Amino acid sequence: DADADTAASLALATSAKDQDEHLYAVQSVLASLRPHTSVLAASEQPFALKLPNVFHLATDVEGELSGGASALDLVAALHPTAAVAGTPTDAALGVIRRLEPFDRGRYAGPVGWVDARGDGEWAIALRCAQFELDTVPPGGRDDIPLRAHAGAGIVAGSNPEAELLETRVKFRPIVDALA
């Protein structure tokens with residue numbers, strides 16, 4: 001309802017933990033894009049972006065490409081962002097590889113398009129699911145395994161129970177699609 005949406009948006013916009021988490025992600029994007037741009041700017045303050053089942057902090061980033069970079073060059077420079085890998089990225093990826101007992105597969109991969117001129121538009125697959133079709137025997141079966149991913153932004157000030165609840169909310173569209 002409208003009152004709950006207003007309260008959720010205000011809580012997100014005034015949360016120091018969420019502001020810090022978002023700032024890490026924005027700084028990661030800017031640092032990755034800077035070598036490929038002649039002009040690069042981000043809005044000073046994030047805004048609450050309402051999605052069907054959750055609010056996210058968002059920041060608009062605009063720039064002008066330099067040196068003939070294509071959309072694919074930018075995707076390569078951006079992936080993976082701090083939003084899904086942590087920061088500093090190389091160190092965070094090392095920790096993820098040591099601690100996670102599975103391959104992330106397509107999780108957090110770029111999803112989008114590119115045309116013959118190198119123009120394109122891309123987003124990060126922050127929540128995704130993939131059927132494990134390679135485990136289905138010949139002749140098929142009704143219980144095909146599914147692997148789903150949704151992340152949590154773990155920073156100083158994170159509350160484990162709140163992060164788990166947030167991840168459950170992020171899984172809701174996947175669960176609803178399969179119901």
# chains A, B, ... in the order shown; residues from 1 in each chain; ligands from 1
call {"tool": "residues_around", "arguments": {"residues": "Val169 of chain A", "least_positions_apart": "6", "cutoff": "10 Å", "atoms": "only C-alpha atoms", "output": "JSON, numbers by chain"}}
result
{"A": [53, 54, 150, 163, 175]}
call {"tool": "write_last_selection", "arguments": {"atoms": "N, CA and C atoms", "output": "CSV table (one decimal), in the first residue's frame"}}
result
chain,number,residue,atom,x,y,z
A,53,ASN,N,8.5,-5.5,-6.4
A,53,ASN,CA,8.5,-6.1,-5.1
A,53,ASN,C,9.5,-5.5,-4.1
A,54,VAL,N,10.3,-4.5,-4.5
A,54,VAL,CA,11.4,-4.0,-3.7
A,54,VAL,C,11.8,-2.6,-4.1
A,150,ALA,N,20.4,-14.7,-5.7
A,150,ALA,CA,20.1,-13.3,-5.4
A,150,ALA,C,21.1,-12.9,-4.3
A,163,GLU,N,19.6,-9.1,6.0
A,163,GLU,CA,20.2,-9.5,4.7
A,163,GLU,C,19.5,-10.7,4.2
A,175,VAL,N,10.1,-17.3,-7.4
A,175,VAL,CA,9.2,-18.3,-6.8
A,175,VAL,C,7.8,-18.1,-7.5
call {"tool": "residues_around", "arguments": {"residues": "segment 65-73 of chain A", "least_positions_apart": "5", "cutoff": "10 Å", "atoms": "only C-alpha atoms", "output": "list in words"}}
result
Leu33, Arg34, Pro35, His36, Thr37, Ser38, Val39, Leu40, Leu78, Pro110, Gly112, Trp113, Val114, Asp115, Ala116, Arg117, Gly118, Asp119, Gly120, Glu121 and Trp122 of chain A
call {"tool": "closest_residue", "arguments": {"among": "A:Ala125, A:Leu23, A:Phe55, A:Val29", "to": "Ser9 of chain A", "atoms": "only C-alpha atoms"}}
result
A:Phe55
call {"tool": "residues_around", "arguments": {"residues": "Leu165 of chain A", "least_positions_apart": "6", "cutoff": "12 Å", "atoms": "only C-alpha atoms", "output": "list in words"}}
result
Val54, Ala150, Gly151, Ala152, Asn159, Phe171 and Arg172 of chain A
call {"tool": "write_last_selection", "arguments": {"atoms": "C-alpha atoms", "output": "PDB file, in the first residue's frame"}}
result
ATOM      1  CA  VAL A  54      11.379  -4.028  -3.681  1.00  0.00           C
ATOM      2  CA  ALA A 150      20.105 -13.326  -5.392  1.00  0.00           C
ATOM      3  CA  GLY A 151      22.687 -11.383  -3.479  1.00  0.00           C
ATOM      4  CA  ALA A 152      22.973  -9.365  -0.346  1.00  0.00           C
ATOM      5  CA  ASN A 159      22.475  -7.264   9.970  1.00  0.00           C
ATOM      6  CA  PHE A 171      13.669 -14.421  -4.745  1.00  0.00           C
ATOM      7  CA  ARG A 172       9.911 -13.757  -4.680  1.00  0.00           C
TER       8      ARG A 172
END
call {"tool": "select_by_dssp", "arguments": {"residues": "chain A", "states": "strand (DSSP E or B)", "output": "short mmCIF file (atom, residue, chain, number, x, y, z; two decimals) with all heavy atoms, in the first residue's frame"}}
result
data_model
loop_
_atom_site.label_atom_id
_atom_site.label_comp_id
_atom_site.auth_asym_id
_atom_site.auth_seq_id
_atom_site.Cartn_x
_atom_site.Cartn_y
_atom_site.Cartn_z
N THR A 37 36.12 7.05 -21.07
CA THR A 37 35.27 8.22 -21.29
C THR A 37 36.08 9.51 -21.27
O THR A 37 37.13 9.59 -20.63
CB THR A 37 34.18 8.31 -20.20
OG1 THR A 37 34.80 8.36 -18.91
CG2 THR A 37 33.23 7.13 -20.27
N SER A 38 35.57 10.50 -21.98
CA SER A 38 36.17 11.84 -21.92
C SER A 38 35.42 12.68 -20.89
O SER A 38 35.99 13.62 -20.33
CB SER A 38 36.13 12.50 -23.29
OG SER A 38 34.81 12.57 -23.78
N VAL A 39 34.17 12.38 -20.66
CA VAL A 39 33.34 13.06 -19.67
C VAL A 39 32.56 11.97 -18.94
O VAL A 39 32.01 11.07 -19.57
CB VAL A 39 32.35 14.04 -20.34
CG1 VAL A 39 31.41 14.65 -19.32
CG2 VAL A 39 33.09 15.11 -21.11
N LEU A 40 32.51 12.07 -17.61
CA LEU A 40 31.77 11.08 -16.83
C LEU A 40 31.21 11.77 -15.60
O LEU A 40 31.94 12.46 -14.89
CB LEU A 40 32.69 9.93 -16.42
CG LEU A 40 32.04 8.75 -15.71
CD1 LEU A 40 31.03 8.05 -16.63
CD2 LEU A 40 33.11 7.76 -15.27
N ALA A 41 29.92 11.58 -15.35
CA ALA A 41 29.28 12.22 -14.20
C ALA A 41 28.22 11.30 -13.62
O ALA A 41 27.58 10.54 -14.34
CB ALA A 41 28.65 13.55 -14.63
N ALA A 42 28.06 11.41 -12.32
CA ALA A 42 27.02 10.67 -11.61
C ALA A 42 26.21 11.65 -10.78
O ALA A 42 26.75 12.65 -10.30
CB ALA A 42 27.64 9.62 -10.70
N PHE A 47 18.63 7.91 -5.62
CA PHE A 47 17.18 8.01 -5.43
C PHE A 47 16.62 6.61 -5.24
O PHE A 47 17.26 5.62 -5.62
CB PHE A 47 16.52 8.72 -6.62
CG PHE A 47 16.75 8.06 -7.96
CD1 PHE A 47 15.87 7.11 -8.46
CD2 PHE A 47 17.87 8.40 -8.73
CE1 PHE A 47 16.09 6.50 -9.68
CE2 PHE A 47 18.10 7.79 -9.95
CZ PHE A 47 17.21 6.85 -10.44
N ALA A 48 15.47 6.53 -4.62
CA ALA A 48 14.82 5.24 -4.41
C ALA A 48 14.07 4.86 -5.67
O ALA A 48 13.18 5.58 -6.11
CB ALA A 48 13.88 5.30 -3.21
N LEU A 49 14.45 3.75 -6.25
CA LEU A 49 13.81 3.23 -7.46
C LEU A 49 12.83 2.15 -7.05
O LEU A 49 13.22 1.16 -6.41
CB LEU A 49 14.88 2.65 -8.40
CG LEU A 49 14.39 1.97 -9.66
CD1 LEU A 49 13.71 2.97 -10.59
CD2 LEU A 49 15.56 1.29 -10.37
N LYS A 50 11.55 2.33 -7.38
CA LYS A 50 10.53 1.36 -7.02
C LYS A 50 10.42 0.30 -8.10
O LYS A 50 10.15 0.60 -9.26
CB LYS A 50 9.18 2.04 -6.81
CG LYS A 50 8.10 1.07 -6.37
CD LYS A 50 6.77 1.75 -6.17
CE LYS A 50 5.74 0.71 -5.74
NZ LYS A 50 4.42 1.27 -5.62
N PHE A 55 12.37 -1.86 -3.24
CA PHE A 55 12.98 -0.59 -3.59
C PHE A 55 14.48 -0.78 -3.67
O PHE A 55 15.05 -1.56 -2.91
CB PHE A 55 12.68 0.49 -2.53
CG PHE A 55 11.32 1.09 -2.63
CD1 PHE A 55 10.26 0.56 -1.93
CD2 PHE A 55 11.10 2.19 -3.43
CE1 PHE A 55 9.00 1.11 -2.01
CE2 PHE A 55 9.85 2.76 -3.53
CZ PHE A 55 8.79 2.22 -2.81
N HIS A 56 15.13 -0.07 -4.59
CA HIS A 56 16.58 -0.07 -4.70
C HIS A 56 17.05 1.37 -4.72
O HIS A 56 16.36 2.25 -5.24
CB HIS A 56 17.04 -0.71 -6.02
CG HIS A 56 17.22 -2.17 -5.97
ND1 HIS A 56 18.27 -2.77 -5.33
CD2 HIS A 56 16.48 -3.18 -6.49
CE1 HIS A 56 18.17 -4.07 -5.45
NE2 HIS A 56 17.10 -4.35 -6.15
N LEU A 57 18.24 1.61 -4.20
CA LEU A 57 18.87 2.90 -4.41
C LEU A 57 19.44 2.89 -5.83
O LEU A 57 19.98 1.87 -6.27
CB LEU A 57 19.98 3.15 -3.40
CG LEU A 57 19.53 3.43 -1.98
CD1 LEU A 57 20.73 3.58 -1.05
CD2 LEU A 57 18.66 4.67 -1.92
N ALA A 58 19.32 3.99 -6.52
CA ALA A 58 19.81 4.09 -7.89
C ALA A 58 20.51 5.43 -8.07
O ALA A 58 20.17 6.42 -7.42
CB ALA A 58 18.65 3.97 -8.88
N VAL A 61 24.25 7.58 -14.11
CA VAL A 61 25.62 7.83 -14.55
C VAL A 61 25.57 8.12 -16.03
O VAL A 61 24.96 7.38 -16.79
CB VAL A 61 26.53 6.60 -14.28
CG1 VAL A 61 27.92 6.83 -14.83
CG2 VAL A 61 26.57 6.29 -12.80
N GLU A 62 26.19 9.22 -16.44
CA GLU A 62 26.23 9.60 -17.85
C GLU A 62 27.66 9.93 -18.24
O GLU A 62 28.44 10.41 -17.42
CB GLU A 62 25.35 10.82 -18.10
CG GLU A 62 23.89 10.58 -17.87
CD GLU A 62 23.05 11.81 -18.19
OE1 GLU A 62 23.54 12.72 -18.89
OE2 GLU A 62 21.91 11.85 -17.74
N GLY A 63 27.99 9.66 -19.50
CA GLY A 63 29.33 9.97 -19.96
C GLY A 63 29.41 10.01 -21.47
O GLY A 63 28.45 9.69 -22.17
N GLU A 64 30.56 10.45 -21.95
CA GLU A 64 30.85 10.44 -23.38
C GLU A 64 32.04 9.53 -23.60
O GLU A 64 33.09 9.67 -22.94
CB GLU A 64 31.18 11.85 -23.87
CG GLU A 64 29.99 12.78 -23.85
CD GLU A 64 30.32 14.16 -24.41
OE1 GLU A 64 31.25 14.27 -25.24
OE2 GLU A 64 29.66 15.11 -23.99
N LEU A 65 31.87 8.59 -24.52
CA LEU A 65 32.94 7.63 -24.80
C LEU A 65 34.11 8.31 -25.49
O LEU A 65 33.94 9.25 -26.25
CB LEU A 65 32.42 6.49 -25.67
CG LEU A 65 31.39 5.58 -25.03
CD1 LEU A 65 30.93 4.53 -26.03
CD2 LEU A 65 31.95 4.92 -23.79
N PRO A 110 26.33 -9.88 -17.46
CA PRO A 110 25.65 -8.84 -18.22
C PRO A 110 24.57 -9.43 -19.12
O PRO A 110 24.76 -10.47 -19.73
CB PRO A 110 26.77 -8.20 -19.04
CG PRO A 110 27.87 -9.22 -19.06
CD PRO A 110 27.70 -10.10 -17.88
N VAL A 111 23.44 -8.74 -19.18
CA VAL A 111 22.31 -9.14 -20.02
C VAL A 111 21.95 -7.93 -20.87
O VAL A 111 21.73 -6.84 -20.35
CB VAL A 111 21.10 -9.54 -19.16
CG1 VAL A 111 19.91 -9.90 -20.03
CG2 VAL A 111 21.46 -10.68 -18.22
N GLY A 112 21.94 -8.10 -22.19
CA GLY A 112 21.59 -6.96 -23.03
C GLY A 112 21.82 -7.25 -24.48
O GLY A 112 21.75 -8.39 -24.93
N TRP A 113 22.11 -6.19 -25.22
CA TRP A 113 22.29 -6.32 -26.67
C TRP A 113 23.38 -5.38 -27.14
O TRP A 113 23.74 -4.41 -26.47
CB TRP A 113 20.98 -6.02 -27.41
CG TRP A 113 20.47 -4.61 -27.17
CD1 TRP A 113 19.60 -4.22 -26.19
CD2 TRP A 113 20.80 -3.42 -27.90
NE1 TRP A 113 19.38 -2.86 -26.27
CE2 TRP A 113 20.10 -2.34 -27.31
CE3 TRP A 113 21.63 -3.16 -28.98
CZ2 TRP A 113 20.19 -1.05 -27.78
CZ3 TRP A 113 21.72 -1.85 -29.45
CH2 TRP A 113 21.00 -0.82 -28.85
N VAL A 114 23.93 -5.68 -28.31
CA VAL A 114 24.89 -4.82 -28.99
C VAL A 114 24.61 -4.91 -30.48
O VAL A 114 24.25 -5.97 -30.98
CB VAL A 114 26.35 -5.22 -28.65
CG1 VAL A 114 26.68 -6.61 -29.12
CG2 VAL A 114 27.34 -4.21 -29.20
N GLY A 120 24.88 -0.37 -27.59
CA GLY A 120 24.10 -1.38 -26.90
C GLY A 120 23.58 -0.88 -25.58
O GLY A 120 23.81 0.26 -25.18
N GLU A 121 22.88 -1.76 -24.92
CA GLU A 121 22.34 -1.45 -23.60
C GLU A 121 22.44 -2.72 -22.76
O GLU A 121 22.07 -3.81 -23.22
CB GLU A 121 20.88 -1.01 -23.71
CG GLU A 121 20.30 -0.54 -22.41
CD GLU A 121 18.93 0.10 -22.56
OE1 GLU A 121 18.63 0.65 -23.63
OE2 GLU A 121 18.17 0.04 -21.59
N TRP A 122 22.91 -2.57 -21.53
CA TRP A 122 23.19 -3.73 -20.69
C TRP A 122 22.71 -3.50 -19.28
O TRP A 122 22.66 -2.37 -18.80
CB TRP A 122 24.70 -4.00 -20.67
CG TRP A 122 25.22 -4.32 -22.03
CD1 TRP A 122 25.65 -3.42 -22.97
CD2 TRP A 122 25.30 -5.60 -22.64
NE1 TRP A 122 26.00 -4.08 -24.11
CE2 TRP A 122 25.80 -5.42 -23.94
CE3 TRP A 122 25.01 -6.87 -22.21
CZ2 TRP A 122 26.02 -6.48 -24.81
CZ3 TRP A 122 25.24 -7.93 -23.08
CH2 TRP A 122 25.73 -7.72 -24.37
N ALA A 123 22.36 -4.59 -18.62
CA ALA A 123 22.01 -4.58 -17.21
C ALA A 123 22.73 -5.75 -16.54
O ALA A 123 23.26 -6.63 -17.23
CB ALA A 123 20.50 -4.72 -17.04
N ILE A 124 22.75 -5.75 -15.23
CA ILE A 124 23.37 -6.83 -14.48
C ILE A 124 22.28 -7.78 -14.00
O ILE A 124 21.28 -7.34 -13.44
CB ILE A 124 24.14 -6.26 -13.25
CG1 ILE A 124 25.19 -5.25 -13.68
CG2 ILE A 124 24.78 -7.39 -12.45
CD1 ILE A 124 25.76 -4.45 -12.53
N ARG A 127 19.46 -10.91 -10.06
CA ARG A 127 18.68 -12.05 -9.62
C ARG A 127 18.40 -12.90 -10.84
O ARG A 127 17.97 -12.39 -11.88
CB ARG A 127 17.37 -11.60 -8.98
CG ARG A 127 17.61 -10.94 -7.64
CD ARG A 127 16.38 -10.37 -7.03
NE ARG A 127 15.95 -9.09 -7.53
CZ ARG A 127 16.58 -7.93 -7.36
NH1 ARG A 127 17.74 -7.91 -6.76
NH2 ARG A 127 16.08 -6.82 -7.80
N CYS A 128 18.68 -14.17 -10.74
CA CYS A 128 18.48 -15.02 -11.90
C CYS A 128 18.26 -16.46 -11.47
O CYS A 128 18.51 -16.82 -10.32
CB CYS A 128 19.66 -14.93 -12.86
SG CYS A 128 21.23 -15.49 -12.16
N ALA A 129 17.78 -17.25 -12.41
CA ALA A 129 17.57 -18.67 -12.17
C ALA A 129 17.88 -19.41 -13.46
O ALA A 129 17.69 -18.88 -14.55
CB ALA A 129 16.15 -18.94 -11.72
N GLN A 130 18.36 -20.64 -13.30
CA GLN A 130 18.70 -21.45 -14.47
C GLN A 130 18.34 -22.89 -14.18
O GLN A 130 18.71 -23.44 -13.14
CB GLN A 130 20.20 -21.33 -14.75
CG GLN A 130 20.67 -22.17 -15.90
CD GLN A 130 22.16 -21.97 -16.18
OE1 GLN A 130 22.72 -20.94 -15.88
NE2 GLN A 130 22.77 -22.98 -16.76
N PHE A 131 17.60 -23.49 -15.10
CA PHE A 131 17.31 -24.91 -14.98
C PHE A 131 18.58 -25.69 -15.27
O PHE A 131 19.32 -25.37 -16.20
CB PHE A 131 16.20 -25.33 -15.96
CG PHE A 131 14.84 -24.84 -15.55
CD1 PHE A 131 14.28 -23.73 -16.16
CD2 PHE A 131 14.15 -25.48 -14.54
CE1 PHE A 131 13.03 -23.27 -15.77
CE2 PHE A 131 12.89 -25.03 -14.15
CZ PHE A 131 12.33 -23.92 -14.76
N LEU A 146 16.62 -26.56 -10.34
CA LEU A 146 16.74 -25.14 -10.66
C LEU A 146 17.73 -24.53 -9.69
O LEU A 146 17.67 -24.79 -8.48
CB LEU A 146 15.38 -24.45 -10.51
CG LEU A 146 15.38 -22.95 -10.72
CD1 LEU A 146 15.19 -22.64 -12.19
CD2 LEU A 146 14.29 -22.30 -9.89
N ARG A 147 18.64 -23.72 -10.21
CA ARG A 147 19.57 -22.98 -9.36
C ARG A 147 19.22 -21.51 -9.48
O ARG A 147 19.19 -20.96 -10.57
CB ARG A 147 21.01 -23.21 -9.78
CG ARG A 147 21.99 -22.47 -8.89
CD ARG A 147 23.39 -22.82 -9.23
NE ARG A 147 23.54 -24.26 -9.03
CZ ARG A 147 24.61 -24.84 -8.54
NH1 ARG A 147 25.65 -24.11 -8.21
NH2 ARG A 147 24.69 -26.13 -8.39
N ALA A 148 18.94 -20.87 -8.36
CA ALA A 148 18.58 -19.46 -8.34
C ALA A 148 19.58 -18.69 -7.50
O ALA A 148 20.13 -19.22 -6.53
CB ALA A 148 17.17 -19.27 -7.80
N HIS A 149 19.84 -17.44 -7.89
CA HIS A 149 20.79 -16.59 -7.18
C HIS A 149 20.18 -15.22 -6.92
O HIS A 149 19.51 -14.66 -7.79
CB HIS A 149 22.06 -16.36 -8.01
CG HIS A 149 22.85 -17.59 -8.26
ND1 HIS A 149 23.77 -18.09 -7.37
CD2 HIS A 149 22.88 -18.43 -9.32
CE1 HIS A 149 24.33 -19.17 -7.86
NE2 HIS A 149 23.81 -19.40 -9.05
N ALA A 150 20.42 -14.71 -5.75
CA ALA A 150 20.10 -13.33 -5.39
C ALA A 150 21.11 -12.94 -4.32
O ALA A 150 21.41 -13.74 -3.44
CB ALA A 150 18.67 -13.19 -4.88
#
call {"tool": "atom_distance", "arguments": {"atom1": "atom CA of Ala8 of chain A", "atom2": "atom CA of Pro173 of chain A"}}
result
18.5 Å
call {"tool": "atom_distance", "arguments": {"atom1": "atom CA of Val95 of chain A", "atom2": "atom CA of Ala108 of chain A"}}
result
16.6 Å
call {"tool": "select_by_dssp", "arguments": {"residues": "chain A", "states": "helix (DSSP H, G or I)", "output": "PyMOL selection string"}}
result
chain A and resi 2-13+16-36+71-78+82-85+89-99+133-135+160-178
call {"tool": "closest_residue", "arguments": {"among": "A:Gly105, A:Leu74, A:Asp5, A:Gly86", "to": "Leu51 of chain A", "atoms": "only C-alpha atoms"}}
result
A:Asp5
call {"tool": "atom_distance", "arguments": {"atom1": "atom CA of Gly94 of chain A", "atom2": "atom CA of Thr81 of chain A"}}
result
14.3 Å
